[in-house]
Every structure is written in C-alpha cells, then in structure tokens.
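Below is run-v3.cif, holding mmCIF, C-alpha atoms and all ligand atoms.
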```
data_input
#
loop_
_atom_site.group_PDB
_atom_site.id
_atom_site.type_symbol
_atom_site.label_atom_id
_atom_site.label_comp_id
_atom_site.auth_asym_id
_atom_site.auth_seq_id
_atom_site.Cartn_x
_atom_site.Cartn_y
_atom_site.Cartn_z
ATOM 1 C CA MET A 1 -20.072 5.154 -14.167
ATOM 2 C CA SER A 2 -16.925 4.296 -16.173
ATOM 3 C CA GLU A 3 -17.001 1.933 -19.124
ATOM 4 C CA ASN A 4 -14.086 -0.096 -17.708
ATOM 5 C CA ILE A 5 -13.011 -1.120 -14.214
ATOM 6 C CA ILE A 6 -9.581 -2.494 -13.341
ATOM 7 C CA TYR A 7 -9.191 -4.071 -9.900
ATOM 8 C CA CYS A 8 -5.573 -3.713 -8.842
ATOM 9 C CA PHE A 9 -3.464 -4.917 -5.949
ATOM 10 C CA SER A 10 0.024 -3.477 -5.748
ATOM 11 C CA GLY A 11 2.724 -3.475 -3.059
ATOM 12 C CA SER A 12 5.666 -1.615 -4.605
ATOM 13 C CA GLY A 13 3.668 0.038 -7.386
ATOM 14 C CA HIS A 14 4.593 -2.193 -10.341
ATOM 15 C CA CYS A 15 1.053 -3.507 -10.812
ATOM 16 C CA LEU A 16 -0.455 -0.051 -10.350
ATOM 17 C CA SER A 17 1.922 1.299 -12.989
ATOM 18 C CA MET A 18 0.720 -1.467 -15.342
ATOM 19 C CA ALA A 19 -2.952 -0.797 -14.489
ATOM 20 C CA LYS A 20 -2.510 2.937 -15.209
ATOM 21 C CA SER A 21 -0.857 2.197 -18.551
ATOM 22 C CA ILE A 22 -3.632 -0.208 -19.595
ATOM 23 C CA ALA A 23 -6.241 2.362 -18.492
ATOM 24 C CA ARG A 24 -4.573 5.007 -20.667
ATOM 25 C CA VAL A 25 -4.915 2.681 -23.677
ATOM 26 C CA LEU A 26 -8.570 1.900 -22.902
ATOM 27 C CA GLY A 27 -9.712 5.353 -21.690
ATOM 28 C CA ASP A 28 -12.662 5.932 -19.305
ATOM 29 C CA THR A 29 -11.428 3.507 -16.629
ATOM 30 C CA ASP A 30 -11.760 3.347 -12.858
ATOM 31 C CA ILE A 31 -8.798 1.628 -11.208
ATOM 32 C CA VAL A 32 -10.127 0.257 -7.922
ATOM 33 C CA MET A 33 -7.353 -0.497 -5.446
ATOM 34 C CA MET A 34 -8.027 -3.780 -3.672
ATOM 35 C CA ARG A 35 -7.331 -2.704 -0.105
ATOM 36 C CA SER A 36 -8.590 -4.579 2.928
ATOM 37 C CA ARG A 37 -12.010 -2.930 3.002
ATOM 38 C CA PRO A 38 -13.796 -3.491 -0.331
ATOM 39 C CA GLU A 39 -14.388 -0.082 -1.854
ATOM 40 C CA LYS A 40 -16.349 -0.943 -4.955
ATOM 41 C CA THR A 41 -17.464 -4.494 -5.550
ATOM 42 C CA ASP A 42 -20.444 -3.752 -7.815
ATOM 43 C CA ALA A 43 -18.996 -3.812 -11.341
ATOM 44 C CA THR A 44 -22.255 -4.782 -13.043
ATOM 45 C CA GLU A 45 -22.355 -1.628 -15.196
ATOM 46 C CA ALA A 46 -18.836 -2.055 -16.578
ATOM 47 C CA LYS A 47 -18.328 -3.327 -20.111
ATOM 48 C CA ARG A 48 -14.799 -4.556 -19.347
ATOM 49 C CA VAL A 49 -13.507 -5.738 -15.985
ATOM 50 C CA GLY A 50 -9.756 -6.221 -15.522
ATOM 51 C CA PHE A 51 -7.523 -7.563 -12.748
ATOM 52 C CA VAL A 52 -3.874 -6.566 -12.314
ATOM 53 C CA PHE A 53 -1.991 -8.175 -9.453
ATOM 54 C CA PRO A 54 1.416 -9.621 -8.460
ATOM 55 C CA CYS A 55 2.479 -13.183 -7.680
ATOM 56 C CA TYR A 56 3.124 -13.479 -3.923
ATOM 57 C CA GLY A 57 4.481 -16.755 -2.569
ATOM 58 C CA GLY A 58 3.353 -18.689 -5.647
ATOM 59 C CA GLY A 59 -0.244 -17.381 -5.379
ATOM 60 C CA LEU A 60 -2.361 -14.283 -4.796
ATOM 61 C CA PRO A 61 -1.518 -11.582 -2.221
ATOM 62 C CA GLY A 62 -3.310 -11.794 1.162
ATOM 63 C CA PHE A 63 -7.032 -11.131 0.898
ATOM 64 C CA VAL A 64 -7.211 -10.716 -2.913
ATOM 65 C CA GLU A 65 -8.955 -14.041 -3.539
ATOM 66 C CA ASP A 66 -11.753 -13.155 -1.065
ATOM 67 C CA TYR A 67 -12.038 -9.658 -2.523
ATOM 68 C CA VAL A 68 -12.465 -11.033 -6.071
ATOM 69 C CA ARG A 69 -15.156 -13.449 -4.869
ATOM 70 C CA ASP A 70 -17.192 -10.434 -3.669
ATOM 71 C CA ILE A 71 -17.119 -8.582 -7.009
ATOM 72 C CA LYS A 72 -20.352 -8.616 -8.998
ATOM 73 C CA ILE A 73 -19.816 -8.602 -12.763
ATOM 74 C CA ALA A 74 -22.460 -8.459 -15.543
ATOM 75 C CA PRO A 75 -22.822 -11.830 -17.340
ATOM 76 C CA ASP A 76 -21.861 -10.341 -20.734
ATOM 77 C CA ALA A 77 -18.890 -8.258 -19.470
ATOM 78 C CA TYR A 78 -15.430 -8.900 -20.906
ATOM 79 C CA LYS A 79 -12.952 -10.070 -18.239
ATOM 80 C CA PHE A 80 -9.170 -9.865 -18.485
ATOM 81 C CA ALA A 81 -6.193 -10.180 -16.134
ATOM 82 C CA VAL A 82 -2.458 -9.485 -16.028
ATOM 83 C CA GLU A 83 -0.137 -10.946 -13.441
ATOM 84 C CA GLN A 84 3.272 -9.509 -12.662
ATOM 85 C CA TYR A 85 6.034 -11.673 -11.186
ATOM 86 C CA ALA A 86 9.808 -11.787 -10.645
ATOM 87 C CA GLY A 87 10.648 -15.398 -11.554
ATOM 88 C CA TYR A 88 7.535 -17.545 -12.028
ATOM 89 C CA ILE A 89 3.813 -16.901 -12.378
ATOM 90 C CA GLY A 90 2.470 -19.315 -9.737
ATOM 91 C CA CYS A 91 -1.235 -20.142 -9.555
ATOM 92 C CA GLY A 92 -2.824 -16.672 -9.100
ATOM 93 C CA LEU A 93 -4.189 -16.392 -12.640
ATOM 94 C CA HIS A 94 -5.685 -19.848 -12.398
ATOM 95 C CA LYS A 95 -7.423 -18.820 -9.154
ATOM 96 C CA ILE A 96 -8.859 -15.626 -10.649
ATOM 97 C CA ASP A 97 -9.977 -17.555 -13.730
ATOM 98 C CA SER A 98 -11.721 -20.155 -11.592
ATOM 99 C CA ILE A 99 -13.659 -17.368 -9.814
ATOM 100 C CA VAL A 100 -14.625 -15.015 -12.670
ATOM 101 C CA GLY A 101 -13.938 -16.987 -15.896
ATOM 102 C CA LEU A 102 -11.354 -14.907 -17.785
ATOM 103 C CA ASP A 103 -11.703 -14.076 -21.487
ATOM 104 C CA TYR A 104 -8.088 -12.935 -21.780
ATOM 105 C CA TRP A 105 -4.945 -13.146 -19.620
ATOM 106 C CA ASP A 106 -1.259 -12.325 -19.809
ATOM 107 C CA THR A 107 1.851 -12.110 -17.616
ATOM 108 C CA VAL A 108 4.947 -9.942 -17.380
ATOM 109 C CA SER A 109 8.040 -10.058 -15.169
ATOM 110 C CA ASN A 110 9.350 -7.089 -13.216
ATOM 111 C CA HIS A 111 11.907 -6.437 -10.487
ATOM 112 C CA SER A 112 11.591 -8.562 -7.383
ATOM 113 C CA THR A 113 10.008 -6.633 -4.553
ATOM 114 C CA CYS A 114 10.546 -9.209 -1.768
ATOM 115 C CA ILE A 115 13.938 -7.747 -0.887
ATOM 116 C CA TRP A 116 14.149 -9.644 2.424
ATOM 117 C CA LEU A 117 14.676 -12.698 0.189
ATOM 118 C CA MET A 118 16.741 -11.431 -2.744
ATOM 119 C CA PRO A 119 18.043 -8.179 -4.249
ATOM 120 C CA HIS A 120 15.443 -6.475 -6.447
ATOM 121 C CA VAL A 121 17.548 -6.834 -9.626
ATOM 122 C CA LEU A 122 17.142 -10.632 -9.593
ATOM 123 C CA THR A 123 14.415 -10.971 -12.176
ATOM 124 C CA PHE A 124 13.749 -13.581 -14.812
ATOM 125 C CA PRO A 125 14.302 -12.615 -17.580
ATOM 126 C CA PRO A 126 16.824 -10.028 -16.268
ATOM 127 C CA THR A 127 16.226 -6.325 -16.868
ATOM 128 C CA THR A 128 17.176 -2.795 -15.785
ATOM 129 C CA ALA A 129 14.842 -0.133 -14.321
ATOM 130 C CA LYS A 130 14.526 1.427 -17.789
ATOM 131 C CA GLY A 131 13.993 -1.998 -19.350
ATOM 132 C CA ALA A 132 11.285 -2.848 -16.803
ATOM 133 C CA ARG A 133 9.494 0.406 -17.621
ATOM 134 C CA SER A 134 9.556 -0.326 -21.377
ATOM 135 C CA ARG A 135 8.447 -3.898 -20.724
ATOM 136 C CA ILE A 136 5.411 -2.663 -18.734
ATOM 137 C CA GLU A 137 4.543 -0.109 -21.428
ATOM 138 C CA ALA A 138 4.800 -2.682 -24.234
ATOM 139 C CA LYS A 139 2.703 -5.220 -22.317
ATOM 140 C CA ALA A 140 0.107 -2.574 -21.417
ATOM 141 C CA MET A 141 -0.256 -1.627 -25.097
ATOM 142 C CA GLU A 142 -0.721 -5.295 -25.954
ATOM 143 C CA VAL A 143 -3.230 -6.022 -23.164
ATOM 144 C CA GLY A 144 -5.084 -2.710 -23.544
ATOM 145 C CA GLY A 145 -5.330 -3.279 -27.304
ATOM 146 C CA ALA A 146 -6.605 -6.828 -26.787
ATOM 147 C CA ALA A 147 -9.146 -5.690 -24.186
ATOM 148 C CA HIS A 148 -10.291 -2.877 -26.472
ATOM 149 C CA ILE A 149 -11.255 -5.328 -29.238
ATOM 150 C CA MET A 150 -12.284 -7.962 -26.652
ATOM 151 C CA LYS A 151 -9.804 -10.541 -27.890
ATOM 152 C CA ARG A 152 -9.960 -14.006 -26.303
ATOM 153 C CA SER A 153 -7.038 -16.153 -25.096
ATOM 154 C CA GLU A 154 -6.775 -19.544 -26.704
ATOM 155 C CA LYS A 155 -5.744 -21.349 -23.518
ATOM 156 C CA LYS A 156 -6.733 -21.294 -19.867
ATOM 157 C CA PRO A 157 -4.108 -20.032 -17.338
ATOM 158 C CA PRO A 158 -1.899 -22.893 -16.082
ATOM 159 C CA LYS A 159 -2.910 -24.811 -12.947
ATOM 160 C CA ASN A 160 0.042 -25.965 -10.862
ATOM 161 C CA THR A 161 -0.348 -28.015 -7.706
ATOM 162 C CA LEU A 162 3.170 -27.193 -6.429
ATOM 163 C CA PHE A 163 2.464 -23.456 -6.510
ATOM 164 C CA GLU A 164 -0.891 -24.016 -4.799
ATOM 165 C CA LEU A 165 0.983 -25.764 -1.982
ATOM 166 C CA GLU A 166 3.563 -22.958 -1.854
ATOM 167 C CA SER A 167 0.858 -20.298 -1.618
ATOM 168 C CA LYS A 168 -0.908 -22.168 1.192
ATOM 169 C CA GLY A 169 2.365 -22.340 3.188
ATOM 170 C CA PHE A 170 3.359 -18.752 2.405
ATOM 171 C CA ALA A 171 0.898 -17.008 4.743
ATOM 172 C CA SER A 172 2.078 -18.882 7.842
ATOM 173 C CA ALA A 173 5.775 -18.623 6.845
ATOM 174 C CA HIS A 174 5.298 -14.892 6.410
ATOM 175 C CA GLU A 175 3.862 -14.466 9.909
ATOM 176 C CA LYS A 176 7.369 -15.097 11.307
ATOM 177 C CA ASN A 177 8.899 -12.654 8.822
ATOM 178 C CA ALA A 178 6.481 -9.932 9.847
ATOM 179 C CA LEU A 179 7.813 -10.089 13.408
ATOM 180 C CA ARG A 180 11.193 -8.905 12.102
ATOM 181 C CA PHE A 181 10.123 -5.325 11.253
ATOM 182 C CA SER A 182 12.235 -2.609 12.817
ATOM 183 C CA VAL A 183 12.370 1.176 12.432
ATOM 184 C CA ASN A 184 15.630 3.090 12.756
ATOM 185 C CA ASP A 185 16.420 6.633 13.898
ATOM 186 C CA SER A 186 16.035 8.097 10.395
ATOM 187 C CA CYS A 187 12.233 7.911 10.808
ATOM 188 C CA VAL A 188 10.697 11.407 10.784
ATOM 189 C CA GLY A 189 7.203 10.252 11.786
ATOM 190 C CA CYS A 190 5.663 11.330 8.462
ATOM 191 C CA GLY A 191 2.970 8.613 8.593
ATOM 192 C CA THR A 192 3.406 7.524 4.941
ATOM 193 C CA CYS A 193 3.781 3.882 6.007
ATOM 194 C CA VAL A 194 0.531 4.106 8.025
ATOM 195 C CA LYS A 195 -1.414 5.455 5.012
ATOM 196 C CA LEU A 196 0.056 2.866 2.653
ATOM 197 C CA CYS A 197 -0.582 -0.268 4.681
ATOM 198 C CA PRO A 198 -3.521 -2.138 3.087
ATOM 199 C CA ARG A 199 -4.158 -3.982 6.358
ATOM 200 C CA GLN A 200 -4.146 -1.007 8.735
ATOM 201 C CA ASN A 201 -1.333 -2.925 10.413
ATOM 202 C CA ILE A 202 0.738 0.139 11.348
ATOM 203 C CA VAL A 203 -0.033 2.822 13.929
ATOM 204 C CA LEU A 204 2.072 5.811 14.911
ATOM 205 C CA THR A 205 2.838 5.764 18.615
ATOM 206 C CA ASP A 206 4.870 8.698 19.963
ATOM 207 C CA GLY A 207 5.674 9.593 16.345
ATOM 208 C CA LYS A 208 7.082 6.153 15.456
ATOM 209 C CA PRO A 209 5.399 3.299 13.548
ATOM 210 C CA VAL A 210 4.399 0.230 15.521
ATOM 211 C CA PHE A 211 3.549 -2.949 13.573
ATOM 212 C CA GLY A 212 0.671 -5.278 14.426
ATOM 213 C CA THR A 213 0.151 -8.903 13.424
ATOM 214 C CA GLU A 214 -1.986 -8.454 10.260
ATOM 215 C CA CYS A 215 0.869 -8.009 7.756
ATOM 216 C CA ILE A 216 0.510 -9.624 4.317
ATOM 217 C CA GLY A 217 4.065 -8.835 3.227
ATOM 218 C CA CYS A 218 3.313 -6.334 0.440
ATOM 219 C CA LEU A 219 6.318 -4.211 1.538
ATOM 220 C CA SER A 220 4.632 -0.906 0.531
ATOM 221 C CA CYS A 221 5.772 0.510 3.885
ATOM 222 C CA LEU A 222 9.386 -0.588 3.517
ATOM 223 C CA GLN A 223 9.758 0.281 -0.176
ATOM 224 C CA TYR A 224 8.074 3.721 -0.037
ATOM 225 C CA CYS A 225 9.405 5.027 3.302
ATOM 226 C CA PRO A 226 11.071 8.318 2.226
ATOM 227 C CA LYS A 227 13.856 7.784 4.786
ATOM 228 C CA GLU A 228 14.379 4.048 4.175
ATOM 229 C CA ALA A 229 13.895 3.721 7.927
ATOM 230 C CA ILE A 230 11.975 0.417 7.872
ATOM 231 C CA ASN A 231 13.762 -2.934 7.751
ATOM 232 C CA MET A 232 12.801 -6.566 7.882
ATOM 233 C CA GLY A 233 15.684 -8.293 9.637
ATOM 234 C CA LYS A 234 19.306 -7.258 9.030
ATOM 235 C CA VAL A 235 19.409 -8.207 5.369
ATOM 236 C CA THR A 236 17.254 -5.333 4.055
ATOM 237 C CA GLU A 237 19.558 -2.752 5.687
ATOM 238 C CA LYS A 238 21.958 -3.214 2.770
ATOM 239 C CA ARG A 239 19.432 -3.803 0.000
ATOM 240 C CA LYS A 240 18.373 -1.127 -2.433
ATOM 241 C CA ARG A 241 14.674 -0.206 -2.464
ATOM 242 C CA PHE A 242 12.816 -0.146 -5.766
ATOM 243 C CA PRO A 243 9.400 1.532 -5.482
ATOM 244 C CA ASN A 244 7.962 1.967 -8.957
ATOM 245 C CA PRO A 245 9.101 5.388 -10.277
ATOM 246 C CA ASP A 246 5.744 5.888 -12.069
ATOM 247 C CA VAL A 247 3.640 5.530 -8.889
ATOM 248 C CA THR A 248 3.439 7.952 -5.954
ATOM 249 C CA PRO A 249 2.602 6.869 -2.379
ATOM 250 C CA ALA A 250 -0.641 8.908 -2.626
ATOM 251 C CA GLU A 251 -1.737 6.943 -5.710
ATOM 252 C CA LEU A 252 -0.903 3.640 -4.055
ATOM 253 C CA ALA A 253 -2.962 4.589 -0.996
ATOM 254 C CA ALA A 254 -5.906 5.880 -3.099
ATOM 255 C CA LYS A 255 -9.186 3.996 -3.166
ATOM 256 C CA ILE A 256 -10.135 4.679 -6.782
ATOM 257 C CA ILE A 257 -8.079 6.325 -9.554
ATOM 258 C CA HIS A 258 -10.031 7.496 -12.599
ATOM 259 C CA ILE A 259 -8.317 7.734 -15.983
ATOM 260 C CA ASP A 260 -10.208 9.490 -18.837
HETATM 261 C C1 LIG B 301 5.725 -11.081 -0.385
HETATM 262 C C2 LIG B 301 6.158 -11.258 -1.802
HETATM 263 C C3 LIG B 301 6.149 -12.526 -2.365
HETATM 264 C C4 LIG B 301 6.537 -12.696 -3.702
HETATM 265 N N1 LIG B 301 6.516 -13.941 -4.239
HETATM 266 C C5 LIG B 301 6.862 -14.124 -5.528
HETATM 267 C C6 LIG B 301 6.813 -15.424 -6.111
HETATM 268 O O1 LIG B 301 6.395 -16.397 -5.487
HETATM 269 N N2 LIG B 301 7.219 -15.555 -7.401
HETATM 270 C C7 LIG B 301 7.650 -14.487 -8.136
HETATM 271 O O2 LIG B 301 8.012 -14.685 -9.295
HETATM 272 N N3 LIG B 301 7.685 -13.242 -7.628
HETATM 273 C C8 LIG B 301 7.297 -13.049 -6.340
HETATM 274 N N4 LIG B 301 7.319 -11.768 -5.798
HETATM 275 C C9 LIG B 301 7.725 -10.628 -6.656
HETATM 276 C C10 LIG B 301 6.530 -9.839 -7.177
HETATM 277 O O3 LIG B 301 5.559 -10.687 -7.761
HETATM 278 C C11 LIG B 301 6.991 -8.839 -8.241
HETATM 279 O O4 LIG B 301 8.080 -8.117 -7.776
HETATM 280 C C12 LIG B 301 5.866 -7.878 -8.648
HETATM 281 O O5 LIG B 301 6.325 -7.093 -9.728
HETATM 282 C C13 LIG B 301 5.436 -6.970 -7.505
HETATM 283 O O6 LIG B 301 4.390 -6.119 -7.939
HETATM 284 P P1 LIG B 301 3.837 -4.933 -6.993
HETATM 285 O O7 LIG B 301 4.925 -3.923 -6.892
HETATM 286 O O8 LIG B 301 2.683 -4.356 -7.748
HETATM 287 O O9 LIG B 301 3.447 -5.528 -5.696
HETATM 288 C C14 LIG B 301 6.948 -11.565 -4.470
HETATM 289 C C15 LIG B 301 6.944 -10.293 -3.883
HETATM 290 C C16 LIG B 301 6.557 -10.134 -2.558
HETATM 291 C C17 LIG B 301 6.563 -8.757 -1.942
HETATM 292 S S1 LIG B 302 7.243 6.247 6.279
HETATM 293 FE FE1 LIG B 302 9.281 6.044 7.181
HETATM 294 S S2 LIG B 302 9.750 8.087 7.960
HETATM 295 FE FE2 LIG B 302 7.538 8.029 7.627
HETATM 296 S S3 LIG B 302 6.656 7.357 9.611
HETATM 297 FE FE3 LIG B 302 6.941 5.513 8.388
HETATM 298 S S4 LIG B 302 8.990 4.766 8.991
HETATM 299 FE FE4 LIG B 302 8.864 6.892 9.664
HETATM 300 S S1 LIG B 303 2.940 -3.766 7.435
HETATM 301 FE FE1 LIG B 303 3.986 -3.130 5.557
HETATM 302 S S2 LIG B 303 4.376 -5.069 4.482
HETATM 303 FE FE2 LIG B 303 2.830 -5.498 6.049
HETATM 304 S S3 LIG B 303 0.859 -5.267 5.016
HETATM 305 FE FE3 LIG B 303 1.343 -3.285 5.950
HETATM 306 S S4 LIG B 303 2.401 -2.115 4.333
HETATM 307 FE FE4 LIG B 303 2.394 -4.279 3.717
#
```
How does this structure look as structure tokens?
Ligand SMILES: Cc1cc2nc3c(=O)[nH]c(=O)nc-3n(C[C@H](O)[C@H](O)[C@H](O)COP(=O)(O)O)c2cc1C
Ligand code: SF4
Ligand code: SF4
Amino acid sequence: MSENIIYCFSGSGHCLSMAKSIARVLGDTDIVMMRSRPEKTDATEAKRVGFVFPCYGGGLPGFVEDYVRDIKIAPDAYKFAVEQYAGYIGCGLHKIDSIVGLDYWDTVSNHSTCIWLMPHVLTFPPTTAKGARSRIEAKAMEVGGAAHIMKRSEKKPPKNTLFELESKGFASAHEKNALRFSVNDSCVGCGTCVKLCPRQNIVLTDGKPVFGTECIGCLSCLQYCPKEAINMGKVTEKRKRFPNPDVTPAELAAKIIHID
C-alpha cells in the first residue's frame, strides 16, 4: 500500500503529466486513473489523497464527480487538488471540495485541448510548449512541497453559479459534437484510440474505429492517434494536435501508475 494516492483524470495528458511530477516530489505514490470503471476507490490506508483533473465545460469531466463520491478516505488523511484549465477554472474544485473537504488546492493553465473549439495555443495566460512544461514542473514542486508538509489553503475554492450552469449544459451540447467524429484513410487500425477511450466508446470494425454514443469529449483518441486520422467536424482537419509530450498513450490508458 502506497503512502499517497493521486486520483487523476486526463484527456490529452496534461493532468497526468502534472500528477506524475507531483508524485515524483512526494515519492511512494499510486496514481489511479479515473476511467469509467472504478479501479481503486478504497483509499483509507493513504496518508495523503490528491486529485488532479482538467476543467471541462466549466466543470468536471464526465463521470469524475460520481467517481469521487465513491472514494473512501480515512478521516485524518490530508486531501489536496490541482485543476488544470485553458482560460478559466470553472466550478470543478468547488465540487471536489464539497465532496471530500480539501485541505489544499491550486490551479494552473495549460494549452487548450478542445481543438474543435479553438487552436491549442489559445491559453490564458499565453505560453509555448516549453513554457507549459516549465509551468507544470514549477506548480508540481509547489503543490508536492505543500502536500509533503501538509500545508492548508487559507480560502475555499471559488463557487460560481454561471460555471455550474455551463457545466450542466455542456454534457448535452457535447452529445451533438460527438456525432461529428470521422476517421480518414490514414488510419492504420492500430487500436490506440480504442485502448485510450475512458468510456469504451470506440470499437474496431473491419480494422476501423466506430464511435458509439457514450463520448465525454476528452479527445484522447483524437489527440493521440499516431496518424492524426480522427477528426471532429471539418475544423480539426487543419488544427495542430498537442498531446502532452511527457505522457505516452500506454500511461494514459493505464489503470494505476506507481511512482517510488
Ligand atoms: C471537452 C473539453 C472542455 C474544456 N472546457 C474548458 C473550459 O470550460 N475552460 C477552460 O479553461 N478550459 C477548458 N478545456 C481545456 C482543458 O481544461 C485544458 O486544456 C487542460 O489542460 C486539459 O487537461 P488534460 O490534457 O489532462 O485533459 C476543455 C477541454 C476539453 C477537451
Ligand atoms: S488510433 Fe488512429 S490509426 Fe489507430 S485505429 Fe485509431 S484512428 Fe486508426
Ligand atoms: S470517443 Fe474519444 S473523445 Fe470520446 S470519450 Fe472516447 S476517447 Fe474521449
């Protein structure tokens, strides 16, 4: 049993990169990937329990809220969270805090991964790929250091009714988006997209991916396809992908990653 557990959701790898960096600062950490089937919800033996996740549509990605509700944490465990975003933090931290009661929280911006909406370089504050990497490293040192000494935040994460409304509307708005997936002739049938999908929403039929109706918009499939064969509408055909350079598809699809 590891001393620390970090629960992580990540679509294009930015949050997993952050979780790995925090784990390296803390040592002896299990990073549990929050995929659709809960892998490890008993965290009662952990001294520190962390959450690293992105802002999606002003709130938490897909099933993350339900997943966090299922996690069992010891009453005296230290709880911390980091949210990654492209322009604004939304209400995800507030939701996690209202479920587990956070001792410490922080945020950091990274490239935008919803490339059907905007190019990935549109980030606030702006940055480059190298800058984003240094920003993650610096924030991980800060958060890992704080978690190590069990520092407490002075304030609660912000509650914002507008973002709560946005996140409620996002799931249904995204359903239409998910119908716009297409796969072009560059596809080599490698199955990476199938392994990456946290909703088991993709199956290979005659060597080509076919998408179901359970998509939560994480874009792992589109960002990590080695042939850039997946698109969401016409607009992504011209947009550059930006999977996190520190995270491999195998790591993203893993259930638990242990860092000594
Ligand atoms: C479906 C989707 C919705 C998003 N919504 C927001 C948002 O509401 N606000 C924001 O600032 N960033 C938003 N983003 C950007 C991500 O929060 C940001 O790029 C984050 O670094 C992604 O982390 P990941 O690679 O670990 O998934 C969204 C990204 C996706 C894929
Ligand atoms: S990851 Fe890309 S190349 Fe591989 S099966 Fe999926 S669409 Fe085809
Ligand atoms: S289909 Fe693609 S975007 Fe949708 S949940 Fe699966 S991996 Fe994420």
Task: CA of Cys15 (chain A) to CA of Pro75 (chain A), straight-line distance in Å - done: 26.1 Å
Open item on the list: Taking the file as I've supplied it (selection: the PyMOL selection byres (((not hetatm)) within 9 of (chain B and resi 302))), which residues are included? Please answer as a ChimeraX atom specification.
Closed with: /A:182-196,202,204,207-209,221-222,224-230
- [ ] List the residues matched by the PyMOL selection byres (((chain A and resi 114-120) around 7) and not hetatm) in the displayed structure as a VMD selection string, ordered by chain and then by residue number.
- [x] chain A and resid 111 to 113 121 to 122 232 235 to 236 239 242
TODO: List all protein, DNA and RNA residues that have at least one atom no more than 9 Å from any atom of ligand LIG 303 (chain B), counting all atoms listed in the file, and write them as a list in words.
DONE: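 Within the 9 Å cut-off, the matching residues are Gly11, Gly62, Ala178, Phe181, Cys193, Val194, Lys195, Leu196, Cys197, Pro198, Arg199, Gln200, Asn201, Ile202, Phe211, Gly212, Thr213, Glu214, Cys215, Ile216, Gly217, Cys218, Leu219, Ser220, Cys221, Leu222 and Gln223 of chain A.
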Task: Surroundings of ligand LIG 301 (chain B) up to 9 Å, based on all atoms listed in the file, as a PyMOL selection string - done: chain A and resi 8-18+52-61+83-90+108-117+120+123-124+163+166-167+170+174+216-220+242-244
- [ ] Using only C-alpha atoms, find the one residue out of A:Val49, A:Ala138, A:Met34, A:Ile71 that sits nearest to Met150 (chain A).
- [x]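 Going through A:Val49, A:Ala138, A:Met34, A:Ile71 one by one, the smallest distance to Met150 (chain A) is for A:Val49.
One distance worth recording is that between CA of Ala19 (chain A) and CA of Asn4 (chain A), which is 11.6 Å.
One finds CA of Lys151 (chain A) at 23.7 Å from CA of Asp42 (chain A).
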TODO: Kindly resolve the PyMOL selection byres (((chain A and resi 145) around 12) and not hetatm) on the present coordinates and return the residues as a VMD selection string.
DONE: chain A and resid 21 to 27 80 104 137 to 144 146 to 152
TODO: Counting all atoms listed in the file, note down every residue that has an atom within 12 Å of the point (-19.6, -12.6, -9.2) (file coordinates), as number ranges by chain.
DONE: A: 41-44, 49, 66-77, 79, 96-101
Find the smallest box with edges along x, y and z containing every listed atom of region 249-258 of chain A, then add 3 Å on each side and report centre and edge lengths in Å to one decimal, as lines of an AutoDock Vina configuration file.
```
center_x = -3.8
center_y = 6.3
center_z = -6.8
size_x = 18.7
size_y = 11.3
size_z = 17.6
```
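For the residues A:Pro249, A:Gly131, A:Gly50, A:Pro158, ranking by smallest atom-to-atom distance to Asp30 (chain A) using all atoms listed in the file places A:Gly50 first.
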TODO: Name the closest residue to Thr107 (chain A) among the candidates A:Asp28, A:Glu251, A:Ile136, A:Lys130; distances are taken between atoms, counting all atoms listed in the file.
DONE: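 Closest to Thr107 (chain A), using all atoms listed in the file: A:Ile136.
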- [ ] Identify which of the residues A:Tyr7, A:Tyr78, A:Trp105, A:Phe63 lies closest to Glu39 (chain A), counting all atoms listed in the file when measuring atom-to-atom distances.
- [x]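 The shortest atom-to-atom distance to Glu39 (chain A) comes from A:Tyr7.
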Task: Nearest-residue call for Asn231 (chain A), choices A:Val203, A:Ala250, A:Arg180, A:Glu175, using only C-alpha atoms - done: A:Arg180
Task: Pick from A:Asp260, A:Leu165, A:Lys255, A:Asn177, whichever lies nearest to Met33 (chain A) using all atoms listed in the file - done: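 The closest residue to Met33 (chain A) is A:Lys255.
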